[in-house]
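Coordinates as given in data27.cif (mmCIF, C-alpha atoms):
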```cif
data_query
loop_
_atom_site.group_PDB
_atom_site.id
_atom_site.type_symbol
_atom_site.label_atom_id
_atom_site.label_comp_id
_atom_site.auth_asym_id
_atom_site.auth_seq_id
_atom_site.Cartn_x
_atom_site.Cartn_y
_atom_site.Cartn_z
ATOM 1 C CA MET A 1 3.194 13.886 -14.926
ATOM 2 C CA ALA A 2 5.897 16.580 -14.894
ATOM 3 C CA ASP A 3 3.557 19.539 -15.430
ATOM 4 C CA GLU A 4 0.519 18.370 -13.428
ATOM 5 C CA SER A 5 -1.346 20.123 -10.651
ATOM 6 C CA ALA A 6 -4.318 19.321 -8.428
ATOM 7 C CA LEU A 7 -6.551 21.027 -5.869
ATOM 8 C CA ILE A 8 -7.046 18.934 -2.737
ATOM 9 C CA VAL A 9 -8.394 19.106 0.784
ATOM 10 C CA PRO A 10 -5.736 17.502 2.983
ATOM 11 C CA VAL A 11 -7.058 15.212 5.720
ATOM 12 C CA PRO A 12 -4.319 15.006 8.364
ATOM 13 C CA ALA A 13 -6.747 13.358 10.805
ATOM 14 C CA ALA A 14 -6.820 10.328 8.485
ATOM 15 C CA GLU A 15 -3.053 9.854 8.270
ATOM 16 C CA LEU A 16 -2.810 7.689 11.389
ATOM 17 C CA PHE A 17 -5.373 5.258 9.998
ATOM 18 C CA VAL A 18 -4.622 5.203 6.283
ATOM 19 C CA ASP A 19 -0.875 5.880 6.099
ATOM 20 C CA PRO A 20 0.176 2.258 6.763
ATOM 21 C CA PHE A 21 -1.907 1.194 3.750
ATOM 22 C CA ARG A 22 -1.205 4.178 1.513
ATOM 23 C CA ARG A 23 2.577 3.798 1.920
ATOM 24 C CA LYS A 24 2.390 0.387 0.257
ATOM 25 C CA LEU A 25 -0.747 0.587 -1.865
ATOM 26 C CA ASP A 26 -1.203 4.163 -3.145
ATOM 27 C CA PRO A 27 1.293 5.424 -5.741
ATOM 28 C CA SER A 28 0.385 9.061 -5.008
ATOM 29 C CA LYS A 29 1.574 8.645 -1.385
ATOM 30 C CA GLN A 30 4.874 7.359 -2.693
ATOM 31 C CA GLN A 31 5.088 10.544 -4.785
ATOM 32 C CA GLY A 32 4.546 12.845 -1.795
ATOM 33 C CA MET A 33 0.765 13.353 -1.850
ATOM 34 C CA PRO A 34 -0.782 13.530 1.662
ATOM 35 C CA ALA A 35 -4.049 11.837 2.603
ATOM 36 C CA HIS A 36 -6.632 14.011 0.871
ATOM 37 C CA ILE A 37 -9.911 14.431 -0.910
ATOM 38 C CA THR A 38 -9.425 15.653 -4.452
ATOM 39 C CA LEU A 39 -11.428 18.678 -5.547
ATOM 40 C CA LEU A 40 -10.034 18.997 -9.057
ATOM 41 C CA TYR A 41 -7.538 16.862 -10.932
ATOM 42 C CA PRO A 42 -5.952 17.539 -13.250
ATOM 43 C CA PHE A 43 -5.910 21.267 -12.756
ATOM 44 C CA ALA A 44 -3.887 23.750 -14.801
ATOM 45 C CA PRO A 45 -0.433 22.738 -15.970
ATOM 46 C CA ARG A 46 2.064 24.041 -13.448
ATOM 47 C CA THR A 47 3.662 26.272 -16.083
ATOM 48 C CA ARG A 48 0.325 28.053 -16.582
ATOM 49 C CA ILE A 49 -0.353 28.826 -12.926
ATOM 50 C CA ASP A 50 0.230 32.527 -12.344
ATOM 51 C CA GLN A 51 -0.864 35.204 -9.885
ATOM 52 C CA SER A 52 -4.149 35.636 -11.722
ATOM 53 C CA THR A 53 -4.915 31.931 -11.193
ATOM 54 C CA ILE A 54 -4.047 32.238 -7.497
ATOM 55 C CA ASP A 55 -6.268 35.325 -7.158
ATOM 56 C CA VAL A 56 -9.279 33.582 -8.727
ATOM 57 C CA LEU A 57 -8.790 30.533 -6.493
ATOM 58 C CA THR A 58 -8.475 32.787 -3.445
ATOM 59 C CA ASP A 59 -11.833 34.362 -4.320
ATOM 60 C CA VAL A 60 -13.477 30.954 -4.735
ATOM 61 C CA PHE A 61 -12.253 29.658 -1.386
ATOM 62 C CA LYS A 62 -12.753 32.768 0.721
ATOM 63 C CA SER A 63 -16.462 32.574 -0.150
ATOM 64 C CA SER A 64 -16.665 28.893 0.866
ATOM 65 C CA ASN A 65 -17.101 27.914 4.506
ATOM 66 C CA ARG A 66 -15.093 25.415 6.501
ATOM 67 C CA PHE A 67 -16.979 22.275 7.410
ATOM 68 C CA ASP A 68 -16.681 19.111 9.475
ATOM 69 C CA PHE A 69 -16.991 15.655 7.982
ATOM 70 C CA ILE A 70 -16.547 12.003 8.879
ATOM 71 C CA LEU A 71 -14.776 9.197 7.038
ATOM 72 C CA SER A 72 -16.066 5.728 7.867
ATOM 73 C CA GLY A 73 -16.215 2.457 6.036
ATOM 74 C CA VAL A 74 -14.796 1.810 2.615
ATOM 75 C CA SER A 75 -15.969 1.616 -0.974
ATOM 76 C CA TRP A 76 -14.506 0.558 -4.296
ATOM 77 C CA PHE A 77 -14.183 1.837 -7.826
ATOM 78 C CA ASP A 78 -14.239 -1.347 -9.948
ATOM 79 C CA GLN A 79 -12.037 -3.269 -7.496
ATOM 80 C CA HIS A 80 -9.102 -1.114 -8.656
ATOM 81 C CA VAL A 81 -9.414 1.739 -6.155
ATOM 82 C CA LEU A 82 -10.177 1.354 -2.457
ATOM 83 C CA TYR A 83 -11.414 4.557 -0.863
ATOM 84 C CA MET A 84 -13.168 6.137 2.096
ATOM 85 C CA SER A 85 -16.141 8.430 1.496
ATOM 86 C CA PRO A 86 -16.672 11.688 3.361
ATOM 87 C CA ASP A 87 -20.003 12.353 5.024
ATOM 88 C CA PRO A 88 -21.312 14.786 4.063
ATOM 89 C CA ALA A 89 -19.972 14.683 0.509
ATOM 90 C CA ASP A 90 -21.977 17.631 -0.829
ATOM 91 C CA PRO A 91 -19.600 20.372 0.398
ATOM 92 C CA PHE A 92 -16.732 18.731 -1.519
ATOM 93 C CA ALA A 93 -18.864 18.454 -4.641
ATOM 94 C CA GLY A 94 -19.846 22.110 -4.200
ATOM 95 C CA LEU A 95 -16.198 23.173 -4.062
ATOM 96 C CA THR A 96 -15.429 21.143 -7.190
ATOM 97 C CA THR A 97 -18.325 22.812 -8.989
ATOM 98 C CA ALA A 98 -17.243 26.277 -7.840
ATOM 99 C CA ILE A 99 -13.693 25.717 -9.120
ATOM 100 C CA HIS A 100 -14.856 24.239 -12.394
ATOM 101 C CA ASN A 101 -17.263 27.149 -12.936
ATOM 102 C CA ARG A 102 -14.290 29.525 -12.770
ATOM 103 C CA PHE A 103 -11.983 27.233 -14.773
ATOM 104 C CA PRO A 104 -14.223 25.384 -17.262
ATOM 105 C CA GLU A 105 -11.192 24.398 -19.326
ATOM 106 C CA TYR A 106 -10.236 21.946 -16.548
ATOM 107 C CA PRO A 107 -13.104 19.492 -16.002
ATOM 108 C CA PRO A 108 -12.680 17.045 -13.116
ATOM 109 C CA TYR A 109 -10.769 13.949 -14.225
ATOM 110 C CA GLU A 110 -10.734 15.420 -17.744
ATOM 111 C CA GLY A 111 -14.488 14.790 -18.010
ATOM 112 C CA ALA A 112 -14.075 11.000 -17.809
ATOM 113 C CA PHE A 113 -16.955 10.583 -15.326
ATOM 114 C CA ASP A 114 -20.530 11.851 -15.400
ATOM 115 C CA THR A 115 -20.544 12.147 -11.609
ATOM 116 C CA VAL A 116 -17.527 12.953 -9.485
ATOM 117 C CA ILE A 117 -17.579 11.086 -6.180
ATOM 118 C CA PRO A 118 -15.601 12.770 -3.387
ATOM 119 C CA HIS A 119 -13.264 10.223 -1.824
ATOM 120 C CA LEU A 120 -10.001 9.611 0.000
ATOM 121 C CA THR A 121 -7.987 7.028 -1.917
ATOM 122 C CA VAL A 122 -6.398 4.357 0.262
ATOM 123 C CA ALA A 123 -5.163 1.940 -2.403
ATOM 124 C CA GLU A 124 -4.984 1.957 -6.167
ATOM 125 C CA ASN A 125 -4.161 -0.845 -8.598
ATOM 126 C CA ALA A 126 -2.517 -2.957 -5.900
ATOM 127 C CA THR A 127 -2.927 -6.688 -5.464
ATOM 128 C CA ARG A 128 -6.493 -7.529 -4.553
ATOM 129 C CA TRP A 129 -5.670 -9.493 -1.414
ATOM 130 C CA ARG A 130 -3.680 -6.554 -0.015
ATOM 131 C CA MET A 131 -6.491 -4.144 -0.868
ATOM 132 C CA ARG A 132 -9.081 -6.448 0.719
ATOM 133 C CA ARG A 133 -6.961 -6.747 3.865
ATOM 134 C CA ALA A 134 -6.761 -2.945 4.068
ATOM 135 C CA ALA A 135 -10.528 -2.705 3.544
ATOM 136 C CA THR A 136 -11.207 -5.184 6.355
ATOM 137 C CA ARG A 137 -8.996 -3.278 8.777
ATOM 138 C CA LEU A 138 -10.444 0.125 7.873
ATOM 139 C CA GLU A 139 -14.016 -1.159 8.194
ATOM 140 C CA ALA A 140 -13.203 -2.180 11.780
ATOM 141 C CA ALA A 141 -11.613 1.198 12.601
ATOM 142 C CA PRO A 142 -13.550 3.965 14.340
ATOM 143 C CA PRO A 143 -14.913 6.804 12.198
ATOM 144 C CA ILE A 144 -12.394 9.514 11.389
ATOM 145 C CA CYS A 145 -13.647 12.971 12.340
ATOM 146 C CA ALA A 146 -12.065 15.732 10.279
ATOM 147 C CA ASN A 147 -12.434 19.348 9.249
ATOM 148 C CA ALA A 148 -12.077 20.868 5.810
ATOM 149 C CA SER A 149 -10.416 24.201 6.465
ATOM 150 C CA GLU A 150 -7.784 24.408 3.737
ATOM 151 C CA VAL A 151 -7.370 23.676 0.066
ATOM 152 C CA HIS A 152 -3.888 22.957 -1.233
ATOM 153 C CA LEU A 153 -2.754 23.626 -4.758
ATOM 154 C CA MET A 154 -0.352 20.750 -5.386
ATOM 155 C CA ALA A 155 1.980 20.331 -8.340
ATOM 156 C CA VAL A 156 4.623 17.922 -9.454
ATOM 157 C CA SER A 157 8.128 19.266 -8.897
ATOM 158 C CA SER A 158 10.119 19.479 -12.106
ATOM 159 C CA THR A 159 13.273 18.419 -10.257
ATOM 160 C CA THR A 160 12.113 15.698 -7.819
ATOM 161 C CA HIS A 161 8.992 14.554 -9.723
ATOM 162 C CA ARG A 162 7.149 14.487 -6.388
ATOM 163 C CA TRP A 163 4.013 16.358 -5.359
ATOM 164 C CA VAL A 164 4.698 19.661 -3.582
ATOM 165 C CA THR A 165 2.386 22.328 -2.187
ATOM 166 C CA LEU A 166 2.402 25.503 -4.273
ATOM 167 C CA GLU A 167 -0.247 27.430 -2.356
ATOM 168 C CA VAL A 168 -2.542 26.979 0.647
ATOM 169 C CA PHE A 169 -5.992 28.558 0.548
ATOM 170 C CA HIS A 170 -8.097 28.942 3.689
ATOM 171 C CA LEU A 171 -11.823 28.372 3.672
ATOM 172 C CA ALA A 172 -13.930 30.975 5.451
ATOM 173 C CA GLU A 173 -14.691 30.686 9.155
ATOM 174 C CA THR A 174 -18.296 29.868 9.875
ATOM 175 C CA ASP A 175 -20.220 31.935 12.368
ATOM 176 C CA LYS A 176 -21.490 29.411 14.899
ATOM 177 C CA SER A 177 -22.811 31.944 17.366
ATOM 178 C CA VAL A 178 -26.516 31.915 18.194
ATOM 179 C CA ARG A 179 -28.336 35.147 17.523
#
```
With the file now loaded, output its structure as structure tokens.
Amino acid sequence: MADESALIVPVPAAELFVDPFRRKLDPSKQQGMPAHITLLYPFAPRTRIDQSTIDVLTDVFKSSNRFDFILSGVSWFDQHVLYMSPDPADPFAGLTTAIHNRFPEYPPYEGAFDTVIPHLTVAENATRWRMRRAATRLEAAPPICANASEVHLMAVSSTTHRWVTLEVFHLAETDKSVR
């Protein structure tokens, strides 16, 4: 884990709802990762991230528009991961594809899955009754309205072994004016 990095869309609007569960049930929260939707993990080893990498990522994200989305309800990956799905999911998948097209040496989840499903992890590999309790509470919660406006390049600190933000990229403003 010491040389890992990831590209994520932070979802601060979800923190109020998911933080009580993530604190106890999501190891990434305990390692400093905010509530987020992963675009690409693992990304380049931290030691290989240079200004050229940052410049390419900047180009990718400045040509991608900000967008609104909603998180509601919960889903599961094999009863081991409890997550919330964004609606719409396509813009997240599009960002993942755009990054991977520029960095084909880093396939999402090391190519382990045929289809990458955008999601916000709430619990992972915790006891089932605790995960089910979290799922029940989140299903009863109102939808979470959020905006994807930034992408964070996160990496594991070599000294603290916690996730830290290396760079923040801003997605392009959309022109909502009527012409």
Counting only C-alpha atoms, what are the residues of segment 129-163 of chain A within 12 Å of segment 89-101 of chain A, and for each of them which pair of atoms is the nearest and at what distance in Å, to one decimal? Sort the table by chain and rising number, as JSON lines.
```
{"residue": "A:Asn147", "atom": "CA", "partner": "A:Pro91", "partner_atom": "CA", "distance": 11.4}
{"residue": "A:Ala148", "atom": "CA", "partner": "A:Phe92", "partner_atom": "CA", "distance": 8.9}
{"residue": "A:Ser149", "atom": "CA", "partner": "A:Phe92", "partner_atom": "CA", "distance": 11.6}
{"residue": "A:Glu150", "atom": "CA", "partner": "A:Leu95", "partner_atom": "CA", "distance": 11.5}
{"residue": "A:Val151", "atom": "CA", "partner": "A:Leu95", "partner_atom": "CA", "distance": 9.8}
{"residue": "A:Leu153", "atom": "CA", "partner": "A:Ile99", "partner_atom": "CA", "distance": 12.0}
```
| note | Met84 of chain A proximity check over A:Glu139, A:Asp59, A:Glu167, A:Asp19, using only C-alpha atoms: winner is A:Glu139
| request: Name the residues in contact with Ala6 of chain A at a cut-off of 9 Å, using all atoms listed in the file, excluding same-chain residues fewer than 2 positions from it; report them as a list of chain:residue names. | output: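 Once the nearby chain positions are removed, what remains is A:Glu4, A:Ile8, A:Thr38, A:Leu39, A:Leu40, A:Tyr41, A:Pro42, A:Phe43, A:Ala44, A:His152, A:Leu153, A:Met154, A:Ala155.
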Could you please take those selected residues and save C-alpha atoms as a tab-separated table (two decimals), in the coordinates of the input?
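So the final result, stored in again_1.tsv, reads:
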```
chain	number	residue	atom	x	y	z
A	4	GLU	CA	0.52	18.37	-13.43
A	8	ILE	CA	-7.05	18.93	-2.74
A	38	THR	CA	-9.43	15.65	-4.45
A	39	LEU	CA	-11.43	18.68	-5.55
A	40	LEU	CA	-10.03	19.00	-9.06
A	41	TYR	CA	-7.54	16.86	-10.93
A	42	PRO	CA	-5.95	17.54	-13.25
A	43	PHE	CA	-5.91	21.27	-12.76
A	44	ALA	CA	-3.89	23.75	-14.80
A	152	HIS	CA	-3.89	22.96	-1.23
A	153	LEU	CA	-2.75	23.63	-4.76
A	154	MET	CA	-0.35	20.75	-5.39
A	155	ALA	CA	1.98	20.33	-8.34
```
| Nearest-residue call for Ser75 of chain A, choices A:Thr136, A:Ser5, A:Thr165, A:Thr174, using only C-alpha atoms |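 Of all the options, A:Thr136 lies closest to Ser75 of chain A.
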| query | If the PyMOL selection byres ((chain A and resi 163) around 12) is run on the structure shown, which residues does it catch, given as an NGL selection string? | reply | :A and (1-8 or 27-34 or 46 or 152-162 or 164-166)
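Once Gly73 of chain A and its same-chain neighbours fewer than 2 positions away are set aside, Ile70, Leu71, Ser75, Tyr83, Met84, Ser85, Pro86, Ala135, Thr136, Arg137, Leu138, Glu139, Ala140, Ala141, Pro142, Pro143 and Ile144 of chain A remain within 10 Å of it when counting only C-alpha atoms.
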| task | Decode the PyMOL selection byres ((chain A and resi 125) around 12) for the given file into explicit residues and return them as a list in words. | result | Arg22, Lys24, Leu25, Asp26, Pro27, Ser28, Trp76, Phe77, Asp78, Gln79, His80, Val81, Leu82, Tyr83, Thr121, Val122, Ala123, Glu124, Ala126, Thr127, Arg128, Trp129, Arg130, Met131 and Arg132 of chain A
| task | In Å, rounded to a single decimal, give me how far atom CA of Val60 of chain A is from atom CA of Glu173 of chain A. | result |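 Computed distance, atom CA of Glu173 of chain A to atom CA of Val60 of chain A, equals 13.9 Å.
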| field | Using all atoms listed in the file: which of A:Glu105, A:Val74, A:Ser63, A:Ala112 has the shortest distance to Ala134 of chain A | value |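 The shortest atom-to-atom distance to Ala134 of chain A comes from A:Val74.
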| task | Measuring atom to atom with all atoms listed in the file, identify which of A:Ala14, A:His36, A:Val9, A:Arg133 is nearest to Phe67 of chain A. | result | A:Val9
| What does the distance from atom CA of Asp68 of chain A to atom CA of Val116 of chain A come to in Å, to one decimal? | 20.0 Å
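For the pair atom CA of His170 of chain A and atom CA of Glu110 of chain A, the interatomic distance is 25.5 Å.
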